[in-house]
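Text of the file final_2.txt, holding compact mmCIF, C-alpha atoms and all ligand atoms:
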```txt
# COMPACT_ATOMS: atom_id res chain seq x y z
CA MET A 1 0.00 0.00 0.00
CA ASP A 2 1.34 3.43 -0.89
CA MET A 3 1.04 5.62 2.19
CA SER A 4 3.36 8.38 1.09
CA ARG A 5 0.57 10.68 -0.09
CA GLU A 6 -1.54 10.25 3.05
CA SER A 7 1.51 10.60 5.27
CA GLN A 8 1.95 14.18 4.19
CA HIS A 9 -0.83 14.97 6.66
CA VAL A 10 1.75 14.96 9.46
CA ARG A 11 2.89 18.59 9.36
CA GLY A 12 5.48 18.41 12.12
CA ILE A 13 5.56 18.88 15.87
CA HIS A 14 2.36 20.51 17.19
CA HIS A 15 3.36 20.85 20.84
CA VAL A 16 5.51 19.13 23.45
CA THR A 17 4.32 18.60 27.02
CA ALA A 18 6.71 18.12 29.93
CA VAL A 19 6.52 17.89 33.73
CA ALA A 20 7.78 20.53 36.16
CA ALA A 21 7.62 20.82 39.93
CA ASP A 22 6.98 24.50 40.59
CA ALA A 23 4.82 26.99 38.67
CA GLN A 24 6.71 30.17 39.62
CA ARG A 25 10.10 28.64 38.79
CA ASN A 26 8.72 27.35 35.48
CA VAL A 27 7.27 30.76 34.53
CA ASP A 28 10.45 32.56 35.61
CA PHE A 29 12.49 30.35 33.29
CA TYR A 30 10.33 30.05 30.17
CA VAL A 31 9.02 33.64 30.19
CA GLY A 32 11.74 35.39 32.19
CA VAL A 33 14.81 33.68 30.73
CA LEU A 34 13.80 32.18 27.36
CA GLY A 35 11.39 35.01 26.52
CA MET A 36 8.49 32.78 25.49
CA ARG A 37 4.92 33.97 25.98
CA LEU A 38 2.60 32.30 28.50
CA VAL A 39 -0.35 31.89 26.11
CA LYS A 40 -2.61 29.74 28.30
CA ARG A 41 -2.88 29.45 32.07
CA THR A 42 -5.13 26.49 32.74
CA VAL A 43 -5.41 23.22 34.66
CA ASN A 44 -4.70 19.62 33.77
CA GLN A 45 -8.03 18.38 32.40
CA ASP A 46 -7.59 15.07 34.22
CA ALA A 47 -6.29 16.63 37.47
CA PRO A 48 -7.85 20.11 37.77
CA GLU A 49 -6.09 20.84 41.06
CA THR A 50 -2.80 21.15 39.11
CA TYR A 51 -1.66 23.72 36.56
CA HIS A 52 -1.15 23.18 32.87
CA LEU A 53 0.94 26.08 31.51
CA PHE A 54 1.47 26.74 27.79
CA TYR A 55 4.43 28.75 26.45
CA ALA A 56 4.62 29.67 22.78
CA ASP A 57 5.13 32.45 20.27
CA ALA A 58 2.94 35.59 20.44
CA VAL A 59 -0.30 33.77 19.57
CA GLY A 60 0.42 30.08 20.16
CA ASN A 61 0.86 28.95 16.57
CA PRO A 62 1.06 25.15 16.17
CA GLY A 63 4.71 24.15 16.28
CA THR A 64 5.71 26.73 18.88
CA ASP A 65 3.97 25.48 21.98
CA LEU A 66 5.90 23.94 24.90
CA THR A 67 3.55 23.05 27.76
CA PHE A 68 4.04 21.87 31.34
CA PHE A 69 2.06 19.87 33.84
CA ILE A 70 3.03 21.29 37.25
CA TRP A 71 3.18 18.26 39.53
CA PRO A 72 4.96 19.31 42.76
CA ASN A 73 4.70 15.91 44.43
CA LEU A 74 6.21 13.80 41.69
CA ALA A 75 9.77 12.43 42.00
CA LYS A 76 12.42 13.59 39.57
CA GLY A 77 12.27 11.73 36.25
CA ARG A 78 15.07 9.66 34.75
CA PRO A 79 15.72 9.99 31.02
CA GLY A 80 16.04 6.67 29.22
CA ASN A 81 14.76 4.33 26.57
CA GLY A 82 11.17 4.60 25.40
CA GLN A 83 11.14 8.36 26.03
CA SER A 84 11.57 11.67 24.33
CA VAL A 85 14.60 13.05 26.12
CA GLU A 86 15.34 16.47 24.64
CA VAL A 87 13.40 19.31 23.05
CA ALA A 88 15.23 21.47 20.53
CA LEU A 89 13.95 24.98 19.86
CA ALA A 90 14.80 26.93 16.72
CA VAL A 91 16.57 30.28 17.00
CA PRO A 92 17.67 32.66 14.23
CA PRO A 93 21.06 32.07 12.59
CA GLY A 94 23.84 34.01 14.29
CA SER A 95 22.04 34.37 17.63
CA LEU A 96 23.65 31.59 19.69
CA GLU A 97 26.59 33.65 21.04
CA ARG A 98 24.14 36.22 22.41
CA TRP A 99 21.92 33.44 23.77
CA ARG A 100 24.86 31.81 25.50
CA GLU A 101 25.97 35.10 27.07
CA ARG A 102 22.43 35.76 28.39
CA LEU A 103 22.03 32.24 29.77
CA VAL A 104 25.40 32.30 31.51
CA GLU A 105 24.46 35.68 33.02
CA ARG A 106 21.26 34.12 34.35
CA ARG A 107 23.22 31.15 35.77
CA VAL A 108 21.53 28.63 33.50
CA ALA A 109 23.36 25.30 33.05
CA VAL A 110 24.56 25.68 29.46
CA GLY A 111 27.06 23.85 27.23
CA GLU A 112 29.47 25.13 24.62
CA ILE A 113 28.18 25.92 21.14
CA GLU A 114 28.53 22.68 19.17
CA GLU A 115 27.58 21.27 15.81
CA ARG A 116 24.99 18.57 15.10
CA PHE A 117 24.08 17.50 11.60
CA GLY A 118 25.89 20.61 10.32
CA GLU A 119 23.79 22.98 12.46
CA ARG A 120 24.98 25.13 15.38
CA VAL A 121 23.49 24.00 18.68
CA LEU A 122 23.58 25.17 22.29
CA THR A 123 22.42 22.69 24.93
CA LEU A 124 21.02 23.73 28.30
CA THR A 125 18.86 22.34 31.07
CA ASP A 126 15.78 23.92 32.58
CA PRO A 127 15.32 24.29 36.36
CA ASP A 128 13.81 20.78 36.59
CA GLY A 129 16.77 19.27 34.73
CA MET A 130 14.99 18.83 31.41
CA ALA A 131 17.34 18.78 28.42
CA LEU A 132 16.78 21.61 25.94
CA ALA A 133 18.72 22.70 22.90
CA LEU A 134 18.69 25.91 20.90
CA VAL A 135 19.40 25.24 17.22
CA GLU A 136 20.20 27.91 14.64
CA ALA A 137 17.82 27.25 11.76
CA ALA A 138 16.12 29.07 8.91
CA PRO A 139 13.06 30.73 10.48
CA LYS A 140 9.65 29.11 10.05
CA SER A 141 7.22 31.50 8.38
CA ASP A 142 4.30 30.68 10.68
CA VAL A 143 5.85 31.96 13.91
CA ALA A 144 4.80 35.30 15.42
CA THR A 145 7.46 37.12 17.44
CA TRP A 146 6.21 38.74 20.63
CA GLU A 147 6.84 42.39 21.40
CA GLY A 148 6.31 41.75 25.13
CA SER A 149 9.30 39.40 25.29
CA LEU A 150 12.43 40.45 27.13
CA ILE A 151 14.42 38.76 24.35
CA PRO A 152 14.97 41.12 21.38
CA GLN A 153 12.73 40.26 18.45
CA GLU A 154 15.68 39.28 16.21
CA ASP A 155 16.85 36.59 18.67
CA GLN A 156 13.52 35.16 19.85
CA ILE A 157 12.78 31.44 19.79
CA ARG A 158 11.02 30.48 16.55
CA GLY A 159 9.14 27.38 17.66
CA PHE A 160 10.39 23.81 17.70
CA HIS A 161 13.35 22.48 15.80
CA SER A 162 13.19 18.78 16.75
CA VAL A 163 12.88 16.17 19.49
CA ARG A 164 15.28 13.40 20.52
CA LEU A 165 14.06 9.91 21.26
CA LEU A 166 15.89 6.97 22.88
CA GLU A 167 14.90 3.38 22.15
CA ALA A 168 16.11 -0.07 23.23
CA HIS A 169 15.15 -1.42 19.77
CA ALA A 170 14.78 1.22 17.10
CA GLY A 171 13.38 -1.00 14.35
CA PRO A 172 9.64 -0.94 15.12
CA THR A 173 9.70 2.82 15.85
CA VAL A 174 11.57 3.54 12.63
CA SER A 175 9.00 1.51 10.68
CA LEU A 176 6.18 3.55 12.20
CA LEU A 177 7.96 6.83 11.48
CA ARG A 178 8.55 5.85 7.87
CA GLU A 179 5.33 4.03 7.01
CA VAL A 180 2.72 5.98 8.95
CA PHE A 181 4.29 9.40 9.57
CA GLY A 182 6.15 9.68 6.27
CA PHE A 183 9.55 10.44 7.82
CA VAL A 184 12.67 9.85 5.72
CA GLU A 185 16.16 9.15 7.05
CA LEU A 186 18.46 12.15 6.68
CA GLY A 187 21.74 10.86 8.14
CA SER A 188 23.59 10.03 11.34
CA ASP A 189 25.67 12.12 13.73
CA GLY A 190 26.82 11.73 17.32
CA GLY A 191 25.04 8.39 17.79
CA PHE A 192 21.67 9.70 16.57
CA THR A 193 19.93 9.07 13.28
CA ARG A 194 17.94 12.02 11.96
CA TYR A 195 14.52 11.66 10.37
CA GLY A 196 12.71 14.48 8.58
CA LEU A 197 9.26 14.99 7.13
CA PRO A 198 9.05 15.74 3.39
CA GLY A 199 9.70 19.42 2.73
CA GLY A 200 12.04 19.64 5.72
CA GLY A 201 12.55 22.59 8.00
CA ALA A 202 12.21 23.30 11.70
CA SER A 203 9.64 21.30 13.71
CA ARG A 204 9.72 18.53 11.10
CA VAL A 205 12.73 16.68 12.52
CA LEU A 206 13.15 13.77 14.94
CA ASP A 207 16.49 12.34 16.10
CA LEU A 208 16.54 8.74 17.29
CA ARG A 209 19.20 6.78 19.15
CA GLU A 210 19.17 3.06 19.80
CA LEU A 211 20.70 2.03 23.14
CA PRO A 212 20.17 -1.75 23.43
CA ALA A 213 21.88 -1.88 26.85
CA GLY A 214 20.33 1.35 28.15
CA ARG A 215 17.83 1.62 30.97
CA GLY A 216 14.22 2.52 30.42
CA GLY A 217 13.24 6.07 31.25
CA ALA A 218 11.06 6.94 34.25
CA LEU A 219 8.51 9.71 34.08
CA GLY A 220 8.87 12.47 36.67
CA THR A 221 9.63 16.15 36.99
CA GLY A 222 12.00 17.24 34.25
CA SER A 223 10.61 14.54 31.91
CA ILE A 224 8.97 15.01 28.57
CA HIS A 225 5.44 13.64 28.96
CA HIS A 226 4.51 13.47 25.29
CA VAL A 227 5.19 14.86 21.84
CA ALA A 228 2.15 15.96 19.82
CA TRP A 229 2.18 15.92 16.02
CA ASN A 230 0.20 18.34 13.89
CA LEU A 231 -2.37 16.50 11.76
CA GLY A 232 -4.14 19.59 10.45
CA GLU A 233 -7.90 19.25 10.04
CA PRO A 234 -10.16 16.99 12.18
CA GLN A 235 -10.90 14.63 9.28
CA GLU A 236 -7.16 14.17 8.69
CA GLN A 237 -6.72 13.39 12.39
CA LEU A 238 -9.44 10.72 12.10
CA ALA A 239 -7.76 9.22 9.04
CA PHE A 240 -4.46 9.12 10.94
CA GLN A 241 -6.16 7.53 13.97
CA ALA A 242 -7.57 4.81 11.69
CA ARG A 243 -4.15 4.30 10.13
CA LEU A 244 -2.55 3.90 13.58
CA ALA A 245 -5.18 1.31 14.51
CA SER A 246 -4.73 -0.66 11.29
CA TYR A 247 -0.96 -0.53 11.90
CA GLY A 248 -1.58 -2.40 15.17
CA LEU A 249 -1.31 0.48 17.62
CA ASN A 250 -3.95 1.44 20.14
CA PRO A 251 -4.94 5.09 19.69
CA THR A 252 -7.44 6.71 22.08
CA GLN A 253 -10.70 8.26 21.03
CA VAL A 254 -10.63 11.91 20.02
CA ILE A 255 -10.49 14.09 23.16
CA ASP A 256 -11.53 17.74 22.89
CA ARG A 257 -8.82 19.95 24.42
CA PHE A 258 -10.76 23.10 23.32
CA TRP A 259 -7.71 24.69 21.62
CA PHE A 260 -7.17 21.50 19.57
CA LYS A 261 -8.44 17.93 19.49
CA SER A 262 -6.18 15.10 20.66
CA VAL A 263 -5.65 11.40 20.02
CA TYR A 264 -2.97 9.70 22.16
CA PHE A 265 -0.99 6.57 21.40
CA ARG A 266 2.25 4.90 22.42
CA GLU A 267 4.79 4.33 19.69
CA PRO A 268 6.20 0.77 19.66
CA GLY A 269 9.15 1.71 21.93
CA GLY A 270 6.80 3.09 24.59
CA ALA A 271 7.06 6.87 24.19
CA LEU A 272 3.72 8.70 24.40
CA PHE A 273 2.74 10.52 21.22
CA GLU A 274 -0.33 12.59 20.40
CA ALA A 275 -1.96 13.41 17.08
CA ALA A 276 -3.46 16.89 17.39
CA THR A 277 -5.54 19.06 15.10
CA ALA A 278 -3.90 22.34 14.11
CA GLY A 279 -6.74 24.41 15.53
CA PRO A 280 -8.94 26.05 16.55
CA GLY A 281 -6.11 27.59 18.59
CA PHE A 282 -5.60 29.68 21.69
CA LEU A 283 -7.65 32.68 20.59
CA VAL A 284 -11.00 30.86 20.97
CA ASP A 285 -11.42 31.97 24.60
CA GLU A 286 -9.05 34.94 25.01
CA SER A 287 -8.08 37.89 22.82
CA SER A 288 -4.44 38.11 21.72
CA GLY A 289 -3.87 40.83 24.32
CA GLU A 290 -5.34 38.70 27.11
CA LEU A 291 -3.55 35.41 26.35
CA GLY A 292 -2.25 33.80 29.52
CA SER A 293 -3.40 36.60 31.82
CA ARG A 294 -6.08 34.69 33.72
CA LEU A 295 -6.99 31.13 34.69
CA ILE A 296 -9.00 29.43 31.95
CA LEU A 297 -11.01 26.39 33.04
CA PRO A 298 -12.62 23.72 30.89
CA PRO A 299 -16.40 24.39 31.02
CA ARG A 300 -17.11 21.36 33.24
CA PHE A 301 -14.78 22.74 35.94
CA GLU A 302 -16.16 26.30 35.84
CA PRO A 303 -18.63 25.61 38.72
CA TYR A 304 -15.62 24.74 40.93
CA ARG A 305 -13.55 27.83 40.02
CA SER A 306 -13.25 29.22 43.54
CA GLU A 307 -12.21 25.83 44.99
CA ILE A 308 -9.67 25.30 42.20
CA GLU A 309 -8.26 28.83 42.55
CA ALA A 310 -7.87 28.28 46.29
CA ILE A 311 -5.74 25.16 45.71
CA LEU A 312 -3.51 26.40 42.88
CA PRO A 313 -0.41 28.24 44.11
CA PRO A 314 -0.38 31.82 42.77
CA PHE A 315 2.50 32.94 40.56
CA LYS A 316 3.65 36.22 39.04
CA LEU A 317 4.77 36.88 35.49
CA PRO A 318 8.29 38.37 35.35
CA GLN A 319 8.09 42.16 35.73
CA ALA A 320 9.46 43.05 32.30
CA VAL A 321 6.63 41.29 30.49
CA THR A 322 3.60 42.34 32.50
CA ARG A 323 3.34 45.57 30.46
CA ARG A 324 2.16 44.94 26.94
ZN ZN W 401 -0.66 17.22 24.34
```
Could you quickly redo this structure as structure tokens?
Amino acid sequence: MDMSRESQHVRGIHHVTAVAADAQRNVDFYVGVLGMRLVKRTVNQDAPETYHLFYADAVGNPGTDLTFFIWPNLAKGRPGNGQSVEVALAVPPGSLERWRERLVERRVAVGEIEERFGERVLTLTDPDGMALALVEAAPKSDVATWEGSLIPQEDQIRGFHSVRLLEAHAGPTVSLLREVFGFVELGSDGGFTRYGLPGGGASRVLDLRELPAGRGGALGTGSIHHVAWNLGEPQEQLAFQARLASYGLNPTQVIDRFWFKSVYFREPGGALFEAATAGPGFLVDESSGELGSRLILPPRFEPYRSEIEAILPPFKLPQAVTRR
């Protein structure tokens, strides 16, 4: 069966969700240090007594959105096989020296500028120990810089570049990536094999490493919880869900996340993936000026707003970005 035409429905990374222990520390880092915009302040839809925070470009375009479950009572995670273990964010060419200087000034754990697959990369870890990388890449056109950011417009993060995945046995995952997602192998470097979606470019890249003797990862704070892929329109998401099922995987039903619709599944190595619709997006319940400024609750939790607000620890946005 020729799946190459259908597979073009996977547009790239839609969002990545990770786990952090403390809301204020998370906001201070992603808004205050990396200059991303908090575009949605909400709760975990399965655990409404905990935050779900969304950081993105100015409006939360698909492919720019790094989100966190704030789970203060969870143990620290351990990166390993069957997990996504690093998120790479795209930054404009020529900006990494300035980024490194800023991060060192802010006492962020940061590496030296290095090269991966011919691209300049700066690795760092967030306050929960999650591995991040900034990669100089040609800017994606569908990213909106944010004038409220404390990072100058010309250096701002331009959405995702890629994710890194570790597997005990790469074969079944590679087959899925090729046959269902439409990824093609682009080469190997530093122990990782790079896969890209047709057309290429930032957010359309996944790096995979096979570590047959490695330990399995454990989910905790500082872990990547799941990687969501952009399937575009709802009918394309349904077609992809059917394709996953006929491939032998076990996708969930479509779950309405209000800003997009989600289908979850585990890839053969065990990492949690999501197939998300592109829209409707973060402007359905807040204007672009209001994004992230107040607690948004799913409608079924609205009757419990005062109880939920009493449980959630308050946090402040960094001073420099509270004026718009
Ligand atoms: Zn998700």
At a cut-off of 9 Å around the point (4.1, 22.7, 31.0) (file coordinates), what residues fall inside when counting only C-alpha atoms? I'd like the answer as a VMD selection string. chain A and resid 16 to 20 23 26 51 to 55 66 to 70
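Using only C-alpha atoms, the protein and nucleic acid residues lying no more than 7 Å from Gly60 in chain A, apart from those fewer than 3 places from it along its own chain, are Val39, Ala56, Asp57, Thr64, Asp65 and Phe282 of chain A.
Counting all atoms listed in the file, the residue from A:Pro92, A:Arg102, A:Leu295, A:Arg107 that sits nearest to Glu119 in chain A is A:Pro92.
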Could you produce a table of the residues of chain A lying within 9 Å of ligand ZN 401 (chain W), with the nearest pair of atoms per residue and their separation in Å rounded to one decimal, using all atoms listed in the file, ordered by chain and increasing residue number, as JSON lines?
```
{"residue": "A:His14", "atom": "CA", "partner": "W:ZN401", "partner_atom": "ZN", "distance": 8.4}
{"residue": "A:His15", "atom": "CA", "partner": "W:ZN401", "partner_atom": "ZN", "distance": 6.4}
{"residue": "A:Val16", "atom": "CA", "partner": "W:ZN401", "partner_atom": "ZN", "distance": 6.5}
{"residue": "A:Thr17", "atom": "CA", "partner": "W:ZN401", "partner_atom": "ZN", "distance": 5.8}
{"residue": "A:Thr67", "atom": "CA", "partner": "W:ZN401", "partner_atom": "ZN", "distance": 8.0}
{"residue": "A:His225", "atom": "CA", "partner": "W:ZN401", "partner_atom": "ZN", "distance": 8.4}
{"residue": "A:His226", "atom": "CA", "partner": "W:ZN401", "partner_atom": "ZN", "distance": 6.5}
{"residue": "A:Val227", "atom": "CA", "partner": "W:ZN401", "partner_atom": "ZN", "distance": 6.8}
{"residue": "A:Ala228", "atom": "CA", "partner": "W:ZN401", "partner_atom": "ZN", "distance": 5.5}
{"residue": "A:Trp229", "atom": "CA", "partner": "W:ZN401", "partner_atom": "ZN", "distance": 8.9}
{"residue": "A:Arg257", "atom": "CA", "partner": "W:ZN401", "partner_atom": "ZN", "distance": 8.6}
{"residue": "A:Ser262", "atom": "CA", "partner": "W:ZN401", "partner_atom": "ZN", "distance": 7.0}
{"residue": "A:Val263", "atom": "CA", "partner": "W:ZN401", "partner_atom": "ZN", "distance": 8.8}
{"residue": "A:Tyr264", "atom": "CA", "partner": "W:ZN401", "partner_atom": "ZN", "distance": 8.2}
{"residue": "A:Phe273", "atom": "CA", "partner": "W:ZN401", "partner_atom": "ZN", "distance": 8.1}
{"residue": "A:Glu274", "atom": "CA", "partner": "W:ZN401", "partner_atom": "ZN", "distance": 6.1}
{"residue": "A:Ala275", "atom": "CA", "partner": "W:ZN401", "partner_atom": "ZN", "distance": 8.3}
{"residue": "A:Ala276", "atom": "CA", "partner": "W:ZN401", "partner_atom": "ZN", "distance": 7.5}
```
Please provide as a PyMOL selection string all residues within 9 Å of Val108 in chain A, with the sequence filter that same-chain residues fewer than 4 positions apart are discarded (counting all atoms listed in the file). chain A and resi 33+102-104+124-127
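Minimum atom-to-atom distance to Gln237 in chain A, evaluated using only C-alpha atoms, belongs to A:Gly279 out of A:Gly199, A:Pro299, A:Gly279, A:Gly269.
Using all atoms listed in the file, the smallest distance between any of A:Arg294, A:His161, A:Lys140, A:Arg300 and Pro314 in chain A comes from A:Arg294.
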For CA of Leu96 in chain A and CA of Gln156 in chain A, determine how far apart the two atoms are, in Å to one decimal place. 10.7 Å
As an exercise, work out the distance from CA of Leu165 in chain A to CA of Phe29 in chain A in Å and give it to one decimal place. 23.8 Å
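Going from CA of Leu206 in chain A to CA of Gly129 in chain A covers 20.9 Å.
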Around the point (-7.8, 23.4, 13.9) in the file's coordinates, collect all residues with an atom within 10 Å, using only C-alpha atoms, and return them as an MDAnalysis selection string. chainID A and resid 62 230:234 258:261 276:281
Closest of A:Asn73, A:Ser288, A:Gln83, A:Asn44 to Val163 in chain A, counting only C-alpha atoms, is A:Gln83
Using only C-alpha atoms, pick whichever of A:Ile308, A:Leu317, A:Val87, A:Ala202 has the shortest atom-to-atom distance to Pro48 in chain A. A:Ile308
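When only C-alpha atoms are used to measure the gap to Gly216 in chain A, the shortest distance among A:Gly80, A:Ala242, A:Phe301, A:Glu167 belongs to A:Gly80.
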Would you kindly return, as an mmCIF file with C-alpha atoms, in the coordinates of the input, each protein, DNA or RNA residue with an atom no farther than 7 Å from any atom of Ala271 in chain A, considering all atoms listed in the file and excluding same-chain residues fewer than 5 positions away?
```
data_model
loop_
_atom_site.group_PDB
_atom_site.id
_atom_site.type_symbol
_atom_site.label_atom_id
_atom_site.label_comp_id
_atom_site.auth_asym_id
_atom_site.auth_seq_id
_atom_site.Cartn_x
_atom_site.Cartn_y
_atom_site.Cartn_z
ATOM 1 C CA GLY A 82 11.170 4.600 25.400
ATOM 2 C CA GLN A 83 11.140 8.360 26.030
ATOM 3 C CA SER A 84 11.570 11.670 24.330
ATOM 4 C CA ARG A 266 2.250 4.900 22.420
#
```
Quick one: residues within 12 Å of Ile311 in chain A, all atoms listed in the file, excluding same-chain residues fewer than 2 positions away - as a PDB file with C-alpha atoms, in the coordinates of the input?
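Heads up, here's the output in result-v4.pdb:
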```pdb
ATOM      1  CA  VAL A  43      -5.410  23.220  34.660  1.00  0.00           C
ATOM      2  CA  ALA A  47      -6.290  16.630  37.470  1.00  0.00           C
ATOM      3  CA  PRO A  48      -7.850  20.110  37.770  1.00  0.00           C
ATOM      4  CA  GLU A  49      -6.090  20.840  41.060  1.00  0.00           C
ATOM      5  CA  THR A  50      -2.800  21.150  39.110  1.00  0.00           C
ATOM      6  CA  TYR A  51      -1.660  23.720  36.560  1.00  0.00           C
ATOM      7  CA  TYR A 304     -15.620  24.740  40.930  1.00  0.00           C
ATOM      8  CA  ARG A 305     -13.550  27.830  40.020  1.00  0.00           C
ATOM      9  CA  SER A 306     -13.250  29.220  43.540  1.00  0.00           C
ATOM     10  CA  GLU A 307     -12.210  25.830  44.990  1.00  0.00           C
ATOM     11  CA  ILE A 308      -9.670  25.300  42.200  1.00  0.00           C
ATOM     12  CA  GLU A 309      -8.260  28.830  42.550  1.00  0.00           C
ATOM     13  CA  PRO A 313      -0.410  28.240  44.110  1.00  0.00           C
ATOM     14  CA  PRO A 314      -0.380  31.820  42.770  1.00  0.00           C
TER      15      PRO A 314
END
```
Would you fill out range 28-45 of chain A with N, CA, C and O atoms and return it as a tab-separated table (two decimals), in the coordinates of the input?
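Result went into result17.tsv, see below:
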```
chain	number	residue	atom	x	y	z
A	28	ASP	N	9.25	31.72	35.57
A	28	ASP	CA	10.45	32.56	35.61
A	28	ASP	C	11.44	32.13	34.53
A	28	ASP	O	12.10	32.97	33.93
A	29	PHE	N	11.53	30.82	34.27
A	29	PHE	CA	12.49	30.35	33.29
A	29	PHE	C	11.98	30.55	31.86
A	29	PHE	O	12.66	31.13	31.02
A	30	TYR	N	10.78	30.05	31.58
A	30	TYR	CA	10.33	30.05	30.17
A	30	TYR	C	9.92	31.43	29.69
A	30	TYR	O	10.14	31.78	28.52
A	31	VAL	N	9.36	32.26	30.58
A	31	VAL	CA	9.02	33.64	30.19
A	31	VAL	C	10.20	34.56	30.51
A	31	VAL	O	10.63	35.35	29.67
A	32	GLY	N	10.74	34.44	31.73
A	32	GLY	CA	11.74	35.39	32.19
A	32	GLY	C	13.12	35.19	31.60
A	32	GLY	O	13.88	36.13	31.46
A	33	VAL	N	13.47	33.95	31.27
A	33	VAL	CA	14.81	33.68	30.73
A	33	VAL	C	14.75	33.40	29.22
A	33	VAL	O	15.48	34.00	28.44
A	34	LEU	N	13.86	32.52	28.79
A	34	LEU	CA	13.80	32.18	27.36
A	34	LEU	C	12.93	33.14	26.56
A	34	LEU	O	12.94	33.10	25.33
A	35	GLY	N	12.15	33.97	27.24
A	35	GLY	CA	11.39	35.01	26.52
A	35	GLY	C	10.17	34.51	25.78
A	35	GLY	O	9.65	35.19	24.89
A	36	MET	N	9.70	33.30	26.14
A	36	MET	CA	8.49	32.78	25.49
A	36	MET	C	7.26	33.44	26.12
A	36	MET	O	7.33	34.01	27.21
A	37	ARG	N	6.13	33.39	25.44
A	37	ARG	CA	4.92	33.97	25.98
A	37	ARG	C	4.07	32.90	26.65
A	37	ARG	O	3.82	31.84	26.05
A	38	LEU	N	3.60	33.17	27.88
A	38	LEU	CA	2.60	32.30	28.50
A	38	LEU	C	1.29	32.58	27.77
A	38	LEU	O	0.70	33.64	27.93
A	39	VAL	N	0.85	31.64	26.92
A	39	VAL	CA	-0.35	31.89	26.11
A	39	VAL	C	-1.60	31.25	26.69
A	39	VAL	O	-2.72	31.58	26.28
A	40	LYS	N	-1.43	30.32	27.65
A	40	LYS	CA	-2.61	29.74	28.30
A	40	LYS	C	-2.23	29.31	29.70
A	40	LYS	O	-1.22	28.64	29.92
A	41	ARG	N	-3.06	29.77	30.64
A	41	ARG	CA	-2.88	29.45	32.07
A	41	ARG	C	-4.11	28.63	32.42
A	41	ARG	O	-5.20	29.16	32.56
A	42	THR	N	-3.95	27.34	32.52
A	42	THR	CA	-5.13	26.49	32.74
A	42	THR	C	-4.75	25.33	33.66
A	42	THR	O	-3.68	25.35	34.28
A	43	VAL	N	-5.66	24.37	33.79
A	43	VAL	CA	-5.41	23.22	34.66
A	43	VAL	C	-5.34	21.95	33.82
A	43	VAL	O	-5.83	21.90	32.70
A	44	ASN	N	-4.71	20.93	34.38
A	44	ASN	CA	-4.70	19.62	33.77
A	44	ASN	C	-6.15	19.11	33.72
A	44	ASN	O	-6.82	19.08	34.75
A	45	GLN	N	-6.62	18.74	32.54
A	45	GLN	CA	-8.03	18.38	32.40
A	45	GLN	C	-8.37	17.07	33.10
A	45	GLN	O	-9.54	16.76	33.33
```
